[in-house]
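> For reference, the structure I am asking about is given below.
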Amino acid sequence: MTERRKTSNASRAKPSAASSRKSATSTPSGHQPRSTSSKATYVLVGVAVVAVAALVILGFVWNANKKDLGPVSDTVLNENAALIVGEPAAPTTIDVFEDFLCPVCQQFEKQSGQPIIDAVNSGKLRVRYHMLTFLNSRSASGDYSERAAGALQCVGDAKDPALFFRFHTALFVDQPKENGDSDHSNAQLAQIAAAQGAAPPTQQCIATGAKLAEAKQAAAQSRTQLEKAMEKTAVGTPTVLLNGEPVNGITDGPGWLTAILTKETE
């Protein structure tokens with residue numbers, strides 16, 4: 001099943017103006033500055049982006065202020081997930097944190113997307129998706145990450161898990177280039193949803209950006225929970241949490257999923 005969760009108004013972000021959008025599609029690329037490895041980690045220090053090596057390989061990493069943020073709240077993760085897919089009675093629940101402009105998130109979805117879908121469909125897994133938006137500034141429009149996240153919430157309102165997974169996958173397959181010249185307009189996002197079987201009301205929701213503010217708010221609250229979970233390490237995407245703790249090896253293939261499903265059912 002697919003659930004939509006509404007977030008509170010306490011941390012609603014103020015909408016920001018986006019620059020004009022050009023239509024195009026392109027191939028994924030590494031983060032700037034470029035590295036010869038697609039598994040490089042990038043740390044945001046002020047306004048500078050510095051390439052560094054990391055023990056945990058992630059697509060994009062930012063420096064969280066390492067003050068004591070308190071423990072991860074499972075209640076908040078549940079209430080403020082952008083979307084929840086899977087049966088409530090599933091024995092294993094994970095939290096997946098992604099950004100639709102993150103190239104290594106695309107790699108993660110290519111490797112683990114179908115195994116996640118299979119586990120959800122078999123009743124073994126429940127997934128709380130958290131779509132973050134910190135790569136907005138690296139999109140041509142200046143707000144692609146949040147618009148794509150809002151589009152996903154529109155699709156989630158249809159309460160059709162198969163449609164959700166098709167659209168989620170399609171956005172990573174047709175991922176705009178980071179720091180590129182163009183990304184998908186709202187109209188183009190609606191067209192992608194239509195191609196995956198979204199009904200006209202869902203297409204209209206996407207085209208008008210109806211869920212933009214909600215997506216921004218959910219992203220901000222999810223990011224806070226992620227920073228709590230990664231208190232002693234770098235924070236970034238993609239990240240998977242199990243019981244509030246980061247799962248290792250998620251960019252090395254779907255073995256991480258097999259391992260946690262086996263462990264949780266023992």
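Starting from 1 in every chain, residues are counted up; chains themselves are A, B, ... following the order of the structure tokens, and ligands are numbered from 1 as listed.
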Would you give me, as a ChimeraX atom specification, the residues in range 105-203 of chain A that DSSP reads as helix (DSSP H, G or I)?
/A:105-121,136-138,144-156,161-173,186-195,200-203
> Write out as a PDB file with N, CA and C atoms, in the first residue's frame the residues lying within 12 Å of Ser122 in chain A, counting only C-alpha atoms and excluding same-chain residues fewer than 5 positions away.

```
ATOM      1  N   MET A   1       0.833  -1.195   0.000  1.00  0.00           N
ATOM      2  CA  MET A   1       0.000   0.000   0.000  1.00  0.00           C
ATOM      3  C   MET A   1       0.865   1.242   0.000  1.00  0.00           C
ATOM      4  N   GLY A  86       4.351   0.078   1.158  1.00  0.00           N
ATOM      5  CA  GLY A  86       4.465  -1.243   1.761  1.00  0.00           C
ATOM      6  C   GLY A  86       3.427  -1.445   2.849  1.00  0.00           C
ATOM      7  N   GLU A  87       3.217  -2.684   3.223  1.00  0.00           N
ATOM      8  CA  GLU A  87       2.229  -3.024   4.228  1.00  0.00           C
ATOM      9  C   GLU A  87       2.722  -2.626   5.616  1.00  0.00           C
ATOM     10  N   ALA A  89       2.270  -4.074   8.287  1.00  0.00           N
ATOM     11  CA  ALA A  89       2.660  -5.269   9.029  1.00  0.00           C
ATOM     12  C   ALA A  89       3.957  -5.893   8.515  1.00  0.00           C
ATOM     13  N   ALA A  90       4.575  -5.291   7.516  1.00  0.00           N
ATOM     14  CA  ALA A  90       5.831  -5.840   6.993  1.00  0.00           C
ATOM     15  C   ALA A  90       6.865  -5.930   8.112  1.00  0.00           C
ATOM     16  N   PRO A  91       7.641  -7.015   8.173  1.00  0.00           N
ATOM     17  CA  PRO A  91       8.578  -7.201   9.284  1.00  0.00           C
ATOM     18  C   PRO A  91       9.748  -6.224   9.311  1.00  0.00           C
ATOM     19  N   THR A  92      10.035  -5.593   8.185  1.00  0.00           N
ATOM     20  CA  THR A  92      11.182  -4.689   8.111  1.00  0.00           C
ATOM     21  C   THR A  92      10.759  -3.349   7.520  1.00  0.00           C
ATOM     22  N   PRO A 115      15.003  -4.784  -6.557  1.00  0.00           N
ATOM     23  CA  PRO A 115      14.934  -5.623  -5.359  1.00  0.00           C
ATOM     24  C   PRO A 115      14.075  -5.012  -4.251  1.00  0.00           C
ATOM     25  N   ILE A 116      14.105  -3.688  -4.096  1.00  0.00           N
ATOM     26  CA  ILE A 116      13.248  -3.034  -3.106  1.00  0.00           C
ATOM     27  C   ILE A 116      11.782  -3.234  -3.482  1.00  0.00           C
ATOM     28  N   ILE A 117      11.456  -3.022  -4.756  1.00  0.00           N
ATOM     29  CA  ILE A 117      10.080  -3.206  -5.220  1.00  0.00           C
ATOM     30  C   ILE A 117       9.621  -4.640  -4.969  1.00  0.00           C
ATOM     31  N   LEU A 261      17.011  -8.165   5.312  1.00  0.00           N
ATOM     32  CA  LEU A 261      15.771  -8.944   5.287  1.00  0.00           C
ATOM     33  C   LEU A 261      15.981 -10.298   5.949  1.00  0.00           C
TER      34      LEU A 261
END
```
> Considering only C-alpha atoms, return as a count of residues only whatever protein or nucleic-acid residues lie within 10 Å of Ala193 in chain A, sequence-local ones (same chain, fewer than 5 positions apart) excluded.
19
> Name all residues at most 12 Å from Arg147 in chain A (count only C-alpha atoms; drop same-chain ones fewer than 5 positions away) and give them as a PyMOL selection string.
chain A and resi 15-18+21+99-101+131-133+135-136+139+141-142+152-154+171+183-190+205-216+219
> Provide the CA of Gln196 in chain A to CA of Tyr129 in chain A distance in Å, to one decimal place.
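Spanning CA of Gln196 in chain A to CA of Tyr129 in chain A is a straight-line distance of 19.1 Å.
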> Quick one: pick out all strand (DSSP E) residues within range 40-261 of chain A from a backbone DSSP run and write them as number ranges by chain.
A: 41-45, 48-52, 60-62, 83-85, 92-98, 125-131, 235-237, 239-242, 245-246
> Would you kindly return, as a PyMOL selection string, each protein, DNA or RNA residue with an atom no farther than 12 Å from any atom of Asn78 in chain A, considering only C-alpha atoms and excluding same-chain residues fewer than 2 positions away?
chain A and resi 3-7+72-76+80-85+88+93-96+126-130+218+221-222+225+243-244
> Hey, which of A:Ala220, A:Val173, A:Ala119, A:Ala229 ends up closest to Val104 in chain A? Count only C-alpha atoms.
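Counting only C-alpha atoms, the residue closest to Val104 in chain A is A:Val173.
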> Between CA of Ile260 in chain A and CA of Asn248 in chain A, measure the distance and give it in Å to one decimal.
10.6 Å
> Skipping near chain neighbours, those fewer than 2 positions away, what residues fall within 9 Å of Pro254 in chain A using only C-alpha atoms, listed as a count of residues only?
14
> CA of Asp143 in chain A and CA of Asp181 in chain A are how many Å apart?
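Separation of CA of Asp143 in chain A and CA of Asp181 in chain A: 13.4 Å.
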